[in-house]
$ cat upload28.tsv   # TSV, N, CA and C atoms
chain	number	residue	atom	x	y	z
A	1303	MET	N	0.85	-1.17	0.00
A	1303	MET	CA	0.00	0.00	0.00
A	1303	MET	C	0.90	1.24	0.00
A	1304	SER	N	0.52	2.25	-0.71
A	1304	SER	CA	1.33	3.45	-0.77
A	1304	SER	C	1.20	4.27	0.50
A	1305	ARG	N	2.17	5.14	0.70
A	1305	ARG	CA	2.16	6.03	1.86
A	1305	ARG	C	0.87	6.87	1.87
A	1306	SER	N	0.49	7.45	0.75
A	1306	SER	CA	-0.71	8.30	0.72
A	1306	SER	C	-1.98	7.48	0.97
A	1307	ALA	N	-2.03	6.25	0.46
A	1307	ALA	CA	-3.20	5.40	0.71
A	1307	ALA	C	-3.30	5.03	2.18
A	1308	THR	N	-2.17	4.77	2.81
A	1308	THR	CA	-2.16	4.46	4.24
A	1308	THR	C	-2.65	5.66	5.05
A	1309	GLU	N	-2.15	6.84	4.73
A	1309	GLU	CA	-2.57	8.03	5.46
A	1309	GLU	C	-4.05	8.32	5.23
A	1310	ALA	N	-4.56	8.05	4.04
A	1310	ALA	CA	-5.99	8.22	3.77
A	1310	ALA	C	-6.81	7.22	4.59
A	1311	LEU	N	-6.32	5.98	4.72
A	1311	LEU	CA	-7.00	4.97	5.53
A	1311	LEU	C	-7.10	5.41	6.98
A	1312	ILE	N	-6.01	5.90	7.54
A	1312	ILE	CA	-6.02	6.33	8.94
A	1312	ILE	C	-6.91	7.56	9.11
A	1313	PHE	N	-6.88	8.47	8.14
A	1313	PHE	CA	-7.78	9.62	8.17
A	1313	PHE	C	-9.23	9.15	8.18
A	1314	ASP	N	-9.58	8.21	7.31
A	1314	ASP	CA	-10.95	7.68	7.26
A	1314	ASP	C	-11.34	7.00	8.57
A	1315	TYR	N	-10.39	6.29	9.17
A	1315	TYR	CA	-10.60	5.61	10.44
A	1315	TYR	C	-11.02	6.62	11.51
A	1316	TYR	N	-10.28	7.73	11.61
A	1316	TYR	CA	-10.60	8.73	12.62
A	1316	TYR	C	-11.84	9.54	12.28
A	1317	GLN	N	-12.10	9.77	11.01
A	1317	GLN	CA	-13.33	10.47	10.65
A	1317	GLN	C	-14.55	9.62	11.00
A	1318	ALA	N	-14.48	8.32	10.75
A	1318	ALA	CA	-15.58	7.42	11.11
A	1318	ALA	C	-15.77	7.41	12.63
A	1319	PHE	N	-14.67	7.39	13.38
A	1319	PHE	CA	-14.75	7.45	14.84
A	1319	PHE	C	-15.46	8.72	15.26
A	1320	ASN	N	-15.04	9.86	14.72
A	1320	ASN	CA	-15.63	11.15	15.12
A	1320	ASN	C	-17.12	11.24	14.77
A	1321	ARG	N	-17.53	10.59	13.69
A	1321	ARG	CA	-18.96	10.59	13.32
A	1321	ARG	C	-19.76	9.59	14.15
A	1322	GLY	N	-19.08	8.71	14.87
A	1322	GLY	CA	-19.77	7.64	15.60
A	1322	GLY	C	-20.27	6.55	14.66
A	1323	ASP	N	-19.65	6.45	13.49
A	1323	ASP	CA	-20.04	5.48	12.46
A	1323	ASP	C	-19.25	4.20	12.70
A	1324	MET	N	-19.73	3.39	13.63
A	1324	MET	CA	-19.00	2.19	14.02
A	1324	MET	C	-18.96	1.15	12.91
A	1325	GLU	N	-19.95	1.11	12.05
A	1325	GLU	CA	-19.92	0.14	10.94
A	1325	GLU	C	-18.74	0.42	10.02
A	1326	THR	N	-18.58	1.68	9.61
A	1326	THR	CA	-17.44	2.05	8.77
A	1326	THR	C	-16.14	1.89	9.53
A	1327	PHE	N	-16.10	2.37	10.76
A	1327	PHE	CA	-14.91	2.30	11.61
A	1327	PHE	C	-14.40	0.86	11.71
A	1328	LEU	N	-15.28	-0.06	12.08
A	1328	LEU	CA	-14.89	-1.46	12.25
A	1328	LEU	C	-14.59	-2.12	10.91
A	1329	GLY	N	-15.22	-1.64	9.85
A	1329	GLY	CA	-14.97	-2.19	8.52
A	1329	GLY	C	-13.58	-1.90	7.99
A	1330	LEU	N	-12.88	-0.96	8.59
A	1330	LEU	CA	-11.52	-0.62	8.18
A	1330	LEU	C	-10.47	-1.51	8.86
A	1331	LEU	N	-10.92	-2.46	9.68
A	1331	LEU	CA	-10.04	-3.36	10.43
A	1331	LEU	C	-9.99	-4.73	9.77
A	1332	THR	N	-8.84	-5.40	9.88
A	1332	THR	CA	-8.77	-6.80	9.47
A	1332	THR	C	-9.58	-7.64	10.46
A	1333	ASP	N	-9.98	-8.84	10.04
A	1333	ASP	CA	-10.73	-9.72	10.94
A	1333	ASP	C	-9.93	-10.08	12.18
A	1334	ASP	N	-8.59	-10.16	12.01
A	1334	ASP	CA	-7.72	-10.57	13.12
A	1334	ASP	C	-6.95	-9.39	13.71
A	1335	VAL	N	-7.53	-8.20	13.64
A	1335	VAL	CA	-6.86	-6.99	14.12
A	1335	VAL	C	-6.36	-7.17	15.55
A	1336	ILE	N	-5.18	-6.64	15.81
A	1336	ILE	CA	-4.61	-6.62	17.15
A	1336	ILE	C	-4.87	-5.24	17.73
A	1337	HIS	N	-5.44	-5.20	18.92
A	1337	HIS	CA	-5.73	-3.92	19.59
A	1337	HIS	C	-4.99	-3.91	20.92
A	1338	ASP	N	-3.98	-3.06	20.99
A	1338	ASP	CA	-3.25	-2.87	22.23
A	1338	ASP	C	-3.89	-1.70	22.96
A	1339	ILE	N	-4.58	-2.00	24.03
A	1339	ILE	CA	-5.33	-1.00	24.79
A	1339	ILE	C	-4.35	-0.20	25.65
A	1340	ASN	N	-4.58	1.10	25.71
A	1340	ASN	CA	-3.69	1.98	26.48
A	1340	ASN	C	-3.42	1.42	27.87
A	1341	GLN	N	-2.13	1.24	28.18
A	1341	GLN	CA	-1.68	0.78	29.49
A	1341	GLN	C	-2.47	-0.43	29.97
A	1342	GLY	N	-2.83	-1.30	29.01
A	1342	GLY	CA	-3.67	-2.45	29.37
A	1342	GLY	C	-3.32	-3.67	28.56
A	1343	SER	N	-4.32	-4.44	28.27
A	1343	SER	CA	-4.13	-5.73	27.62
A	1343	SER	C	-4.15	-5.62	26.10
A	1344	ARG	N	-3.90	-6.74	25.47
A	1344	ARG	CA	-3.97	-6.88	24.02
A	1344	ARG	C	-5.19	-7.74	23.71
A	1345	GLU	N	-6.00	-7.26	22.79
A	1345	GLU	CA	-7.15	-8.03	22.32
A	1345	GLU	C	-6.95	-8.32	20.84
A	1346	VAL	N	-7.47	-9.45	20.39
A	1346	VAL	CA	-7.31	-9.84	19.00
A	1346	VAL	C	-8.68	-10.11	18.39
A	1347	GLY	N	-8.91	-9.54	17.21
A	1347	GLY	CA	-10.12	-9.79	16.45
A	1347	GLY	C	-11.06	-8.60	16.41
A	1348	ARG	N	-11.74	-8.48	15.27
A	1348	ARG	CA	-12.68	-7.38	15.07
A	1348	ARG	C	-13.84	-7.44	16.08
A	1349	ASP	N	-14.29	-8.65	16.42
A	1349	ASP	CA	-15.38	-8.77	17.40
A	1349	ASP	C	-14.97	-8.23	18.76
A	1350	ALA	N	-13.75	-8.53	19.19
A	1350	ALA	CA	-13.27	-8.01	20.47
A	1350	ALA	C	-13.17	-6.49	20.42
A	1351	PHE	N	-12.70	-5.96	19.30
A	1351	PHE	CA	-12.59	-4.51	19.14
A	1351	PHE	C	-13.98	-3.88	19.18
A	1352	ALA	N	-14.95	-4.52	18.53
A	1352	ALA	CA	-16.33	-4.01	18.54
A	1352	ALA	C	-16.87	-3.98	19.97
A	1353	GLY	N	-16.60	-5.02	20.75
A	1353	GLY	CA	-17.04	-5.05	22.14
A	1353	GLY	C	-16.41	-3.95	22.95
A	1354	PHE	N	-15.13	-3.71	22.71
A	1354	PHE	CA	-14.44	-2.62	23.39
A	1354	PHE	C	-15.09	-1.29	23.06
A	1355	MET	N	-15.44	-1.09	21.80
A	1355	MET	CA	-16.04	0.18	21.38
A	1355	MET	C	-17.44	0.36	21.97
A	1356	VAL	N	-18.20	-0.69	22.15
A	1356	VAL	CA	-19.50	-0.58	22.81
A	1356	VAL	C	-19.31	-0.06	24.23
A	1357	LYS	N	-18.35	-0.63	24.93
A	1357	LYS	CA	-18.05	-0.19	26.30
A	1357	LYS	C	-17.60	1.27	26.31
A	1358	MET	N	-16.70	1.62	25.40
A	1358	MET	CA	-16.20	3.00	25.34
A	1358	MET	C	-17.32	3.99	25.02
A	1359	ASN	N	-18.13	3.66	24.04
A	1359	ASN	CA	-19.19	4.58	23.63
A	1359	ASN	C	-20.30	4.70	24.67
A	1360	THR	N	-20.38	3.75	25.58
A	1360	THR	CA	-21.33	3.84	26.68
A	1360	THR	C	-20.83	4.79	27.76
A	1361	SER	N	-19.53	4.75	28.02
A	1361	SER	CA	-18.96	5.53	29.12
A	1361	SER	C	-18.41	6.89	28.71
A	1362	TYR	N	-18.10	7.07	27.42
A	1362	TYR	CA	-17.41	8.28	26.98
A	1362	TYR	C	-18.01	8.81	25.68
A	1363	ARG	N	-18.00	10.11	25.54
A	1363	ARG	CA	-18.28	10.77	24.26
A	1363	ARG	C	-17.02	11.53	23.91
A	1364	GLU	N	-16.39	11.14	22.80
A	1364	GLU	CA	-15.11	11.74	22.45
A	1364	GLU	C	-15.08	12.21	21.01
A	1365	GLU	N	-14.33	13.29	20.81
A	1365	GLU	CA	-14.03	13.78	19.47
A	1365	GLU	C	-12.53	14.01	19.41
A	1366	LEU	N	-11.92	13.55	18.33
A	1366	LEU	CA	-10.48	13.71	18.14
A	1366	LEU	C	-10.24	14.91	17.24
A	1367	LYS	N	-9.34	15.80	17.69
A	1367	LYS	CA	-9.04	17.01	16.94
A	1367	LYS	C	-7.53	17.12	16.72
A	1368	ASN	N	-7.14	18.03	15.85
A	1368	ASN	CA	-5.72	18.28	15.55
A	1368	ASN	C	-4.99	16.99	15.20
A	1369	ILE	N	-5.60	16.19	14.35
A	1369	ILE	CA	-5.04	14.89	13.97
A	1369	ILE	C	-3.89	15.09	12.97
A	1370	VAL	N	-2.75	14.51	13.31
A	1370	VAL	CA	-1.58	14.51	12.41
A	1370	VAL	C	-1.24	13.05	12.15
A	1371	ILE	N	-1.12	12.69	10.88
A	1371	ILE	CA	-0.87	11.30	10.49
A	1371	ILE	C	0.48	11.22	9.77
A	1372	MET	N	1.27	10.22	10.15
A	1372	MET	CA	2.57	9.98	9.53
A	1372	MET	C	2.64	8.50	9.14
A	1373	SER	N	3.36	8.19	8.08
A	1373	SER	CA	3.48	6.78	7.71
A	1373	SER	C	4.87	6.48	7.17
A	1374	SER	N	5.19	5.20	7.17
A	1374	SER	CA	6.47	4.75	6.62
A	1374	SER	C	6.41	4.86	5.09
A	1375	PRO	N	7.57	4.95	4.45
A	1375	PRO	CA	7.59	5.08	2.99
A	1375	PRO	C	6.85	3.95	2.26
A	1376	ASP	N	6.88	2.72	2.82
A	1376	ASP	CA	6.19	1.61	2.17
A	1376	ASP	C	4.70	1.52	2.53
A	1377	GLY	N	4.25	2.36	3.47
A	1377	GLY	CA	2.84	2.38	3.85
A	1377	GLY	C	2.42	1.26	4.78
A	1378	ASP	N	3.35	0.45	5.25
A	1378	ASP	CA	3.01	-0.68	6.12
A	1378	ASP	C	2.79	-0.28	7.58
A	1379	ARG	N	3.30	0.87	7.96
A	1379	ARG	CA	3.17	1.36	9.33
A	1379	ARG	C	2.74	2.81	9.30
A	1380	ALA	N	2.03	3.21	10.36
A	1380	ALA	CA	1.62	4.61	10.47
A	1380	ALA	C	1.52	4.97	11.94
A	1381	ALA	N	1.50	6.26	12.16
A	1381	ALA	CA	1.31	6.80	13.52
A	1381	ALA	C	0.42	8.03	13.40
A	1382	ALA	N	-0.29	8.31	14.48
A	1382	ALA	CA	-1.14	9.49	14.52
A	1382	ALA	C	-1.01	10.13	15.88
A	1383	GLU	N	-1.03	11.45	15.88
A	1383	GLU	CA	-1.05	12.23	17.11
A	1383	GLU	C	-2.30	13.09	17.04
A	1384	PHE	N	-2.99	13.25	18.17
A	1384	PHE	CA	-4.24	13.99	18.18
A	1384	PHE	C	-4.55	14.44	19.59
A	1385	VAL	N	-5.60	15.22	19.72
A	1385	VAL	CA	-6.08	15.67	21.03
A	1385	VAL	C	-7.50	15.16	21.20
A	1386	VAL	N	-7.74	14.44	22.29
A	1386	VAL	CA	-9.06	13.91	22.61
A	1386	VAL	C	-9.82	14.95	23.42
A	1387	HIS	N	-10.98	15.31	22.92
A	1387	HIS	CA	-11.90	16.19	23.65
A	1387	HIS	C	-13.06	15.29	24.06
A	1388	GLY	N	-13.20	15.05	25.37
A	1388	GLY	CA	-14.17	14.06	25.79
A	1388	GLY	C	-15.03	14.48	26.95
A	1389	GLU	N	-16.06	13.65	27.14
A	1389	GLU	CA	-16.96	13.78	28.28
A	1389	GLU	C	-17.15	12.39	28.87
A	1390	TYR	N	-17.00	12.30	30.18
A	1390	TYR	CA	-17.11	11.03	30.91
A	1390	TYR	C	-18.57	10.86	31.31
A	1391	LEU	N	-19.29	9.96	30.64
A	1391	LEU	CA	-20.74	9.85	30.76
A	1391	LEU	C	-21.22	8.87	31.82
A	1392	GLN	N	-20.57	7.72	31.87
A	1392	GLN	CA	-21.00	6.63	32.76
A	1392	GLN	C	-19.77	5.99	33.36
A	1393	THR	N	-19.81	5.70	34.65
A	1393	THR	CA	-18.64	5.15	35.34
A	1393	THR	C	-18.13	3.90	34.66
A	1394	ASP	N	-16.85	3.90	34.37
A	1394	ASP	CA	-16.16	2.77	33.78
A	1394	ASP	C	-15.55	1.98	34.93
A	1395	GLU	N	-15.72	0.68	34.90
A	1395	GLU	CA	-15.27	-0.20	35.99
A	1395	GLU	C	-13.82	0.08	36.38
A	1396	GLY	N	-13.60	0.27	37.68
A	1396	GLY	CA	-12.27	0.48	38.21
A	1396	GLY	C	-11.78	1.91	38.12
A	1397	LEU	N	-12.62	2.81	37.62
A	1397	LEU	CA	-12.23	4.21	37.47
A	1397	LEU	C	-13.13	5.09	38.32
A	1398	PRO	N	-12.77	6.36	38.49
A	1398	PRO	CA	-13.60	7.25	39.31
A	1398	PRO	C	-15.04	7.34	38.79
A	1399	ALA	N	-15.93	7.78	39.64
A	1399	ALA	CA	-17.34	7.93	39.26
A	1399	ALA	C	-17.49	9.01	38.18
A	1400	ALA	N	-18.34	8.72	37.23
A	1400	ALA	CA	-18.61	9.67	36.15
A	1400	ALA	C	-19.78	10.57	36.53
A	1401	ASN	N	-19.63	11.86	36.21
A	1401	ASN	CA	-20.75	12.79	36.39
A	1401	ASN	C	-20.67	13.90	35.34
A	1402	GLY	N	-20.30	13.48	34.11
A	1402	GLY	CA	-20.25	14.43	33.01
A	1402	GLY	C	-18.99	15.25	32.93
A	1403	GLN	N	-17.92	14.84	33.64
A	1403	GLN	CA	-16.67	15.58	33.58
A	1403	GLN	C	-16.16	15.64	32.13
A	1404	THR	N	-15.55	16.76	31.79
A	1404	THR	CA	-14.94	16.89	30.47
A	1404	THR	C	-13.42	16.82	30.62
A	1405	TYR	N	-12.77	16.47	29.53
A	1405	TYR	CA	-11.32	16.37	29.54
A	1405	TYR	C	-10.77	16.68	28.15
A	1406	VAL	N	-9.53	17.13	28.12
A	1406	VAL	CA	-8.79	17.38	26.90
A	1406	VAL	C	-7.45	16.70	27.10
A	1407	LEU	N	-7.14	15.75	26.23
A	1407	LEU	CA	-6.03	14.85	26.49
A	1407	LEU	C	-5.22	14.57	25.22
A	1408	PRO	N	-3.94	14.92	25.20
A	1408	PRO	CA	-3.10	14.53	24.07
A	1408	PRO	C	-3.01	13.00	24.02
A	1409	ALA	N	-2.99	12.46	22.80
A	1409	ALA	CA	-2.93	11.01	22.65
A	1409	ALA	C	-2.25	10.67	21.33
A	1410	GLY	N	-1.97	9.40	21.16
A	1410	GLY	CA	-1.36	8.93	19.92
A	1410	GLY	C	-1.69	7.48	19.68
A	1411	ALA	N	-1.40	7.04	18.48
A	1411	ALA	CA	-1.63	5.64	18.12
A	1411	ALA	C	-0.62	5.22	17.07
A	1412	PHE	N	-0.30	3.94	17.08
A	1412	PHE	CA	0.59	3.32	16.11
A	1412	PHE	C	-0.20	2.24	15.38
A	1413	PHE	N	0.03	2.13	14.08
A	1413	PHE	CA	-0.74	1.23	13.24
A	1413	PHE	C	0.16	0.33	12.41
A	1414	GLU	N	-0.32	-0.88	12.17
A	1414	GLU	CA	0.23	-1.76	11.17
A	1414	GLU	C	-0.87	-1.95	10.13
A	1415	ILE	N	-0.50	-1.88	8.85
A	1415	ILE	CA	-1.47	-1.97	7.76
A	1415	ILE	C	-1.19	-3.25	6.98
A	1416	ARG	N	-2.29	-3.96	6.64
A	1416	ARG	CA	-2.17	-5.17	5.83
A	1416	ARG	C	-3.37	-5.25	4.88
A	1417	ALA	N	-3.09	-5.44	3.61
A	1417	ALA	CA	-4.13	-5.60	2.59
A	1417	ALA	C	-5.15	-4.45	2.63
A	1418	GLY	N	-4.65	-3.24	2.85
A	1418	GLY	CA	-5.52	-2.07	2.80
A	1418	GLY	C	-6.38	-1.83	4.03
A	1419	LYS	N	-6.08	-2.56	5.11
A	1419	LYS	CA	-6.85	-2.40	6.35
A	1419	LYS	C	-5.92	-2.30	7.55
A	1420	VAL	N	-6.47	-1.84	8.65
A	1420	VAL	CA	-5.71	-1.74	9.90
A	1420	VAL	C	-5.60	-3.13	10.51
A	1421	ALA	N	-4.36	-3.61	10.66
A	1421	ALA	CA	-4.12	-4.94	11.24
A	1421	ALA	C	-3.70	-4.87	12.70
A	1422	ARG	N	-3.21	-3.69	13.12
A	1422	ARG	CA	-2.85	-3.49	14.52
A	1422	ARG	C	-3.00	-2.02	14.83
A	1423	VAL	N	-3.55	-1.74	16.01
A	1423	VAL	CA	-3.58	-0.38	16.53
A	1423	VAL	C	-3.17	-0.42	17.99
A	1424	THR	N	-2.19	0.40	18.33
A	1424	THR	CA	-1.70	0.53	19.69
A	1424	THR	C	-1.96	1.97	20.12
A	1425	ASN	N	-2.82	2.14	21.12
A	1425	ASN	CA	-3.20	3.48	21.57
A	1425	ASN	C	-2.42	3.88	22.82
A	1426	TYR	N	-2.14	5.18	22.92
A	1426	TYR	CA	-1.48	5.68	24.11
A	1426	TYR	C	-2.01	7.06	24.48
A	1427	TYR	N	-2.29	7.21	25.77
A	1427	TYR	CA	-2.54	8.53	26.37
A	1427	TYR	C	-2.07	8.44	27.81
A	1428	ASN	N	-1.93	9.58	28.45
A	1428	ASN	CA	-1.44	9.62	29.81
A	1428	ASN	C	-2.62	9.41	30.78
A	1429	LEU	N	-2.76	8.20	31.30
A	1429	LEU	CA	-3.87	7.88	32.18
A	1429	LEU	C	-3.88	8.74	33.43
A	1430	GLU	N	-2.71	9.03	33.98
A	1430	GLU	CA	-2.63	9.87	35.19
A	1430	GLU	C	-3.19	11.27	34.91
A	1431	ASP	N	-2.90	11.81	33.74
A	1431	ASP	CA	-3.43	13.10	33.34
A	1431	ASP	C	-4.96	13.04	33.26
A	1432	TRP	N	-5.49	11.99	32.63
A	1432	TRP	CA	-6.94	11.84	32.54
A	1432	TRP	C	-7.56	11.73	33.93
A	1433	LEU	N	-6.95	10.94	34.80
A	1433	LEU	CA	-7.48	10.79	36.18
A	1433	LEU	C	-7.52	12.13	36.91
A	1434	ARG	N	-6.47	12.94	36.76
A	1434	ARG	CA	-6.46	14.27	37.38
A	1434	ARG	C	-7.60	15.14	36.84
A	1435	GLN	N	-7.83	15.06	35.55
A	1435	GLN	CA	-8.87	15.90	34.94
A	1435	GLN	C	-10.27	15.49	35.39
A	1436	VAL	N	-10.54	14.21	35.52
A	1436	VAL	CA	-11.90	13.79	35.90
A	1436	VAL	C	-12.10	13.82	37.42
A	1437	ALA	N	-11.02	13.87	38.19
A	1437	ALA	CA	-11.14	13.92	39.65
A	1437	ALA	C	-11.57	15.30	40.14
A	1438	GLY	N	-11.21	16.34	39.39
A	1438	GLY	CA	-11.48	17.71	39.83
A	1438	GLY	C	-12.87	18.10	39.58
$ encode --input "upload28.tsv" --output "structure tokens"
Amino acid sequence: MSRSATEALIFDYYQAFNRGDMETFLGLLTDDVIHDINQGSREVGRDAFAGFMVKMNTSYREELKNIVIMSSPDGDRAAAEFVVHGEYLQTDEGLPAANGQTYVLPAGAFFEIRAGKVARVTNYYNLEDWLRQVAG
């Protein structure tokens, strides 16, 4: 895949996320996608990713802004940096109680691309920063 095609794929991935279009979002993943959850476990498969997104969309409303996408010359790898603008809607297990707190959080992700789809996504944000923002 070319560098520009990879960057377009990642752009489409984040645009679908921002629209809340989970069908398109999940359709951009391979069946065996690897999802490395921020400071957490690794899940494998589109179904597991879909389950994760149901949980996320229940507890959080997020929009990603200032998205910058970079990719390797062969298009097999990519990275994105962005700012998450979110609202904590419903208490997520093991985290502080939700009461509509808002947060703005720098974040990033690393991608592996295979056959024109996302085969791996590794997300990162500073959990301690998020905890400080929702605690106040």
$ closest_residue --input "upload28.tsv" --among "A:Asn1428, A:Gln1435, A:Ala1400, A:Lys1419" --to "A:Ile1336" --atoms "only C-alpha atoms"
A:Lys1419
$ atom_distance --input "upload28.tsv" --atom1 "atom CA of A:Gly1377" --atom2 "atom C of A:Glu1414"
8.5 Å
$ closest_atom_pairs --input "upload28.tsv" --of "stretch 1342-1401 of chain A" --to "stretch 1319-1324 of chain A" --cutoff "7 Å" --atoms "all atoms listed in the file" --output "Markdown table"
| residue | atom | partner | partner_atom | distance |
| --- | --- | --- | --- | --- |
| A:Glu1364 | C | A:Asn1320 | CA | 6.0 |
| A:Glu1365 | CA | A:Asn1320 | CA | 5.3 |
| A:Leu1366 | N | A:Asn1320 | CA | 5.5 |
$ residues_around --input "upload28.tsv" --residues "A:Leu1330" --least-positions-apart "4" --cutoff "9 Å" --atoms "only C-alpha atoms" --output "number ranges by chain"
A: 1311-1312, 1314-1315, 1325-1326, 1418-1420
$ closest_residue --input "upload28.tsv" --among "A:Asp1431, A:Glu1389, A:Asn1401, A:Met1303" --to "A:Ala1417" --atoms "all atoms listed in the file"
A:Met1303
$ atom_distance --input "upload28.tsv" --atom1 "atom CA of A:Thr1332" --atom2 "atom CA of A:Asn1368"
26.0 Å
$ select_by_dssp --input "upload28.tsv" --residues "chain A" --states "strand (DSSP E or B)" --output "count of residues only"
57
$ select_by_dssp --input "upload28.tsv" --residues "chain A" --states "alpha helix (DSSP H)" --output "PyMOL selection string"
chain A and resi 1305-1321+1324-1329+1348-1361+1429-1437
$ residues_around --input "upload28.tsv" --residues "stretch 1344-1347 of chain A" --least-positions-apart "4" --cutoff "6.5 Å" --atoms "only N, CA and C atoms" --output "JSON, numbers by chain"
{"A": [1332, 1333, 1334, 1335, 1336, 1337, 1338, 1339, 1351, 1352]}
$ atom_distance --input "upload28.tsv" --atom1 "atom C of A:Val1356" --atom2 "atom N of A:Ile1415"
24.4 Å
$ residues_around --input "upload28.tsv" --residues "A:Thr1360" --least-positions-apart "4" --cutoff "9 Å" --atoms "only C-alpha atoms" --output "ChimeraX atom specification"
/A:1355-1356,1391-1392,1394
$ closest_residue --input "upload28.tsv" --among "A:Ser1343, A:Ser1304, A:Thr1393, A:Ser1373" --to "A:Phe1413" --atoms "only C-alpha atoms"
A:Ser1373
$ residues_near_point --input "upload28.tsv" --point "(-5.3, 11.3, 21.9)" --cutoff "7 Å" --atoms "only N, CA and C atoms" --output "ChimeraX atom specification"
/A:1366,1383-1386,1407-1411,1426-1427
